[in-house]
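> What follows is data-v7.pdb, PDB, C-alpha atoms.
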ATOM      1  CA  MET A   1    -125.110  84.817   5.526
ATOM      2  CA  ALA A   2    -125.289  88.587   5.218
ATOM      3  CA  TYR A   3    -125.868  90.718   2.137
ATOM      4  CA  LYS A   4    -124.952  94.299   1.305
ATOM      5  CA  CYS A   5    -128.094  95.853  -0.177
ATOM      6  CA  PRO A   6    -128.510  99.235  -1.886
ATOM      7  CA  THR A   7    -131.203 101.718  -0.884
ATOM      8  CA  TYR A   8    -133.079 104.143  -3.117
ATOM      9  CA  GLY A   9    -131.022 107.016  -1.686
ATOM     10  CA  GLY A  10    -127.695 105.571  -2.830
ATOM     11  CA  SER A  11    -126.551 104.229   0.527
ATOM     12  CA  TYR A  12    -126.478 100.612   1.710
ATOM     13  CA  PHE A  13    -127.710  98.417   4.519
ATOM     14  CA  ILE A  14    -126.770  94.909   5.627
ATOM     15  CA  TYR A  15    -129.469  92.249   5.535
ATOM     16  CA  LEU A  16    -128.628  89.359   7.840
ATOM     17  CA  ASP A  17    -130.295  86.317   6.332
ATOM     18  CA  THR A  18    -128.940  83.512   8.509
ATOM     19  CA  LEU A  19    -126.988  83.330  11.744
ATOM     20  CA  ILE A  20    -126.851  79.955  13.444
ATOM     21  CA  VAL A  21    -124.805  78.939  16.454
ATOM     22  CA  ASP A  22    -124.560  75.195  16.973
ATOM     23  CA  GLU A  23    -126.785  74.088  19.827
ATOM     24  CA  GLY A  24    -123.813  72.751  21.818
ATOM     25  CA  ALA A  25    -121.982  76.076  21.506
ATOM     26  CA  ARG A  26    -124.850  78.343  22.556
ATOM     27  CA  GLY A  27    -124.585  80.458  25.671
ATOM     28  CA  LYS A  28    -120.859  81.092  25.210
ATOM     29  CA  GLY A  29    -121.066  84.484  23.508
ATOM     30  CA  ILE A  30    -120.292  83.202  20.013
ATOM     31  CA  GLY A  31    -123.399  84.730  18.436
ATOM     32  CA  ARG A  32    -122.690  88.050  20.112
ATOM     33  CA  MET A  33    -119.092  87.987  18.826
ATOM     34  CA  MET A  34    -120.321  87.294  15.287
ATOM     35  CA  MET A  35    -122.813  90.164  15.501
ATOM     36  CA  GLU A  36    -120.143  92.518  16.854
ATOM     37  CA  HIS A  37    -117.855  91.551  13.968
ATOM     38  CA  LEU A  38    -120.647  92.183  11.444
ATOM     39  CA  TYR A  39    -121.313  95.538  13.100
ATOM     40  CA  LYS A  40    -117.607  96.457  12.856
ATOM     41  CA  LEU A  41    -117.445  95.493   9.174
ATOM     42  CA  ALA A  42    -120.586  97.492   8.414
ATOM     43  CA  CYS A  43    -119.292 100.601  10.163
ATOM     44  CA  GLU A  44    -115.919 100.338   8.408
ATOM     45  CA  GLN A  45    -117.822 100.507   5.115
ATOM     46  CA  MET A  46    -119.990 103.381   6.392
ATOM     47  CA  ILE A  47    -123.096 101.201   6.412
ATOM     48  CA  TYR A  48    -125.286 102.396   9.240
ATOM     49  CA  GLU A  49    -128.133  99.923   9.251
ATOM     50  CA  ILE A  50    -128.365  96.180   9.773
ATOM     51  CA  LYS A  51    -131.703  94.468   9.174
ATOM     52  CA  LEU A  52    -132.885  90.979   9.920
ATOM     53  CA  MET A  53    -136.118  89.121  10.405
ATOM     54  CA  THR A  54    -137.040  87.104  13.451
ATOM     55  CA  THR A  55    -140.132  86.457  15.531
ATOM     56  CA  LYS A  56    -140.704  87.329  19.160
ATOM     57  CA  ASP A  57    -141.065  83.683  20.148
ATOM     58  CA  ARG A  58    -137.515  82.748  19.071
ATOM     59  CA  PRO A  59    -134.704  82.824  21.678
ATOM     60  CA  ALA A  60    -132.614  84.978  19.316
ATOM     61  CA  TYR A  61    -135.191  87.786  19.589
ATOM     62  CA  GLN A  62    -134.084  88.620  23.134
ATOM     63  CA  ILE A  63    -130.431  88.546  22.107
ATOM     64  CA  TYR A  64    -131.055  91.003  19.267
ATOM     65  CA  LYS A  65    -133.028  93.276  21.591
ATOM     66  CA  HIS A  66    -130.149  93.172  24.090
ATOM     67  CA  LEU A  67    -127.773  94.203  21.288
ATOM     68  CA  GLY A  68    -129.892  97.284  20.553
ATOM     69  CA  PHE A  69    -132.080  96.083  17.686
ATOM     70  CA  GLN A  70    -135.578  97.558  17.574
ATOM     71  CA  ASP A  71    -138.849  96.225  16.216
ATOM     72  CA  MET A  72    -139.917  97.738  12.905
ATOM     73  CA  ASP A  73    -142.869  96.044  11.259
ATOM     74  CA  LYS A  74    -141.608  92.582  10.326
ATOM     75  CA  TYR A  75    -137.993  93.550  10.813
ATOM     76  CA  VAL A  76    -135.833  94.004  13.860
ATOM     77  CA  TYR A  77    -133.266  96.565  12.799
ATOM     78  CA  MET A  78    -130.261  98.382  14.119
ATOM     79  CA  ASN A  79    -128.398 101.567  13.412
ATOM     80  CA  CYS A  80    -124.610 101.306  13.835
ATOM     81  CA  TRP A  81    -124.528 104.421  15.999
ATOM     82  CA  GLY A  82    -126.837 102.737  18.500
ATOM     83  CA  TRP A  83    -124.616  99.804  19.482
TER
END
Would you mind writing the file out in structure tokens?

Amino acid sequence: MAYKCPTYGGSYFIYLDTLIVDEGARGKGIGRMMMEHLYKLACEQMIYEIKLMTTKDRPAYQIYKHLGFQDMDKYVYMNCWGW
């Protein structure tokens, strides 16, 4: 589930609340395809930031880092221009 959230400056960012790939389907690029689709949708709407929360001990952390997300306090975030 992803949400379009307003900022104080009048722009928006996407907050990715939940992304789950079934355990039997992991390792096949499905999560990456979903993230790439979310990225495309965000950029089409001129939304240049995607935020999510994860912890460094979760397997997804390495996937997000590989996709260009960066640590920022509690968040791992991404700018659309950086993908």
> Work out how far apart atom CA of A:Gly31 and atom CA of A:Ile47 are and give it in Å to one decimal.
20.4 Å
> Fewer than 3 positions away in the same chain doesn't count, so skip those; otherwise give me all residues within 9 Å of stretch 19-22 of chain A, counting all atoms listed in the file, as a PDB file with C-alpha atoms, keeping the file's coordinate frame.

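Output contents, as saved in around-v1.pdb:
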ATOM      1  CA  MET A   1    -125.110  84.817   5.526  1.00  0.00           C
ATOM      2  CA  ALA A   2    -125.289  88.587   5.218  1.00  0.00           C
ATOM      3  CA  LEU A  16    -128.628  89.359   7.840  1.00  0.00           C
ATOM      4  CA  ALA A  25    -121.982  76.076  21.506  1.00  0.00           C
ATOM      5  CA  ARG A  26    -124.850  78.343  22.556  1.00  0.00           C
ATOM      6  CA  ILE A  30    -120.292  83.202  20.013  1.00  0.00           C
ATOM      7  CA  GLY A  31    -123.399  84.730  18.436  1.00  0.00           C
ATOM      8  CA  MET A  34    -120.321  87.294  15.287  1.00  0.00           C
ATOM      9  CA  MET A  35    -122.813  90.164  15.501  1.00  0.00           C
TER      10      MET A  35
END
> Between A:Glu23, A:Asp17, A:Glu44, A:Asp57, which is the closest to A:Cys5 once you count all atoms listed in the file?
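Under the stated criterion, the closest residue is A:Asp17.
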> I want to know what sits within 12 Å of A:Gln45, based on only C-alpha atoms, with residues of the same chain fewer than 2 positions away left out; could you give that as a VMD selection string?
chain A and resid 4 11 to 14 38 to 43 47 to 49 80
> When the PyMOL selection byres ((chain A and resi 63) around 12) is applied to the structure above, which residues does it catch, written out as a ChimeraX atom specification?
/A:26-27,29-33,35,54-62,64-70,76
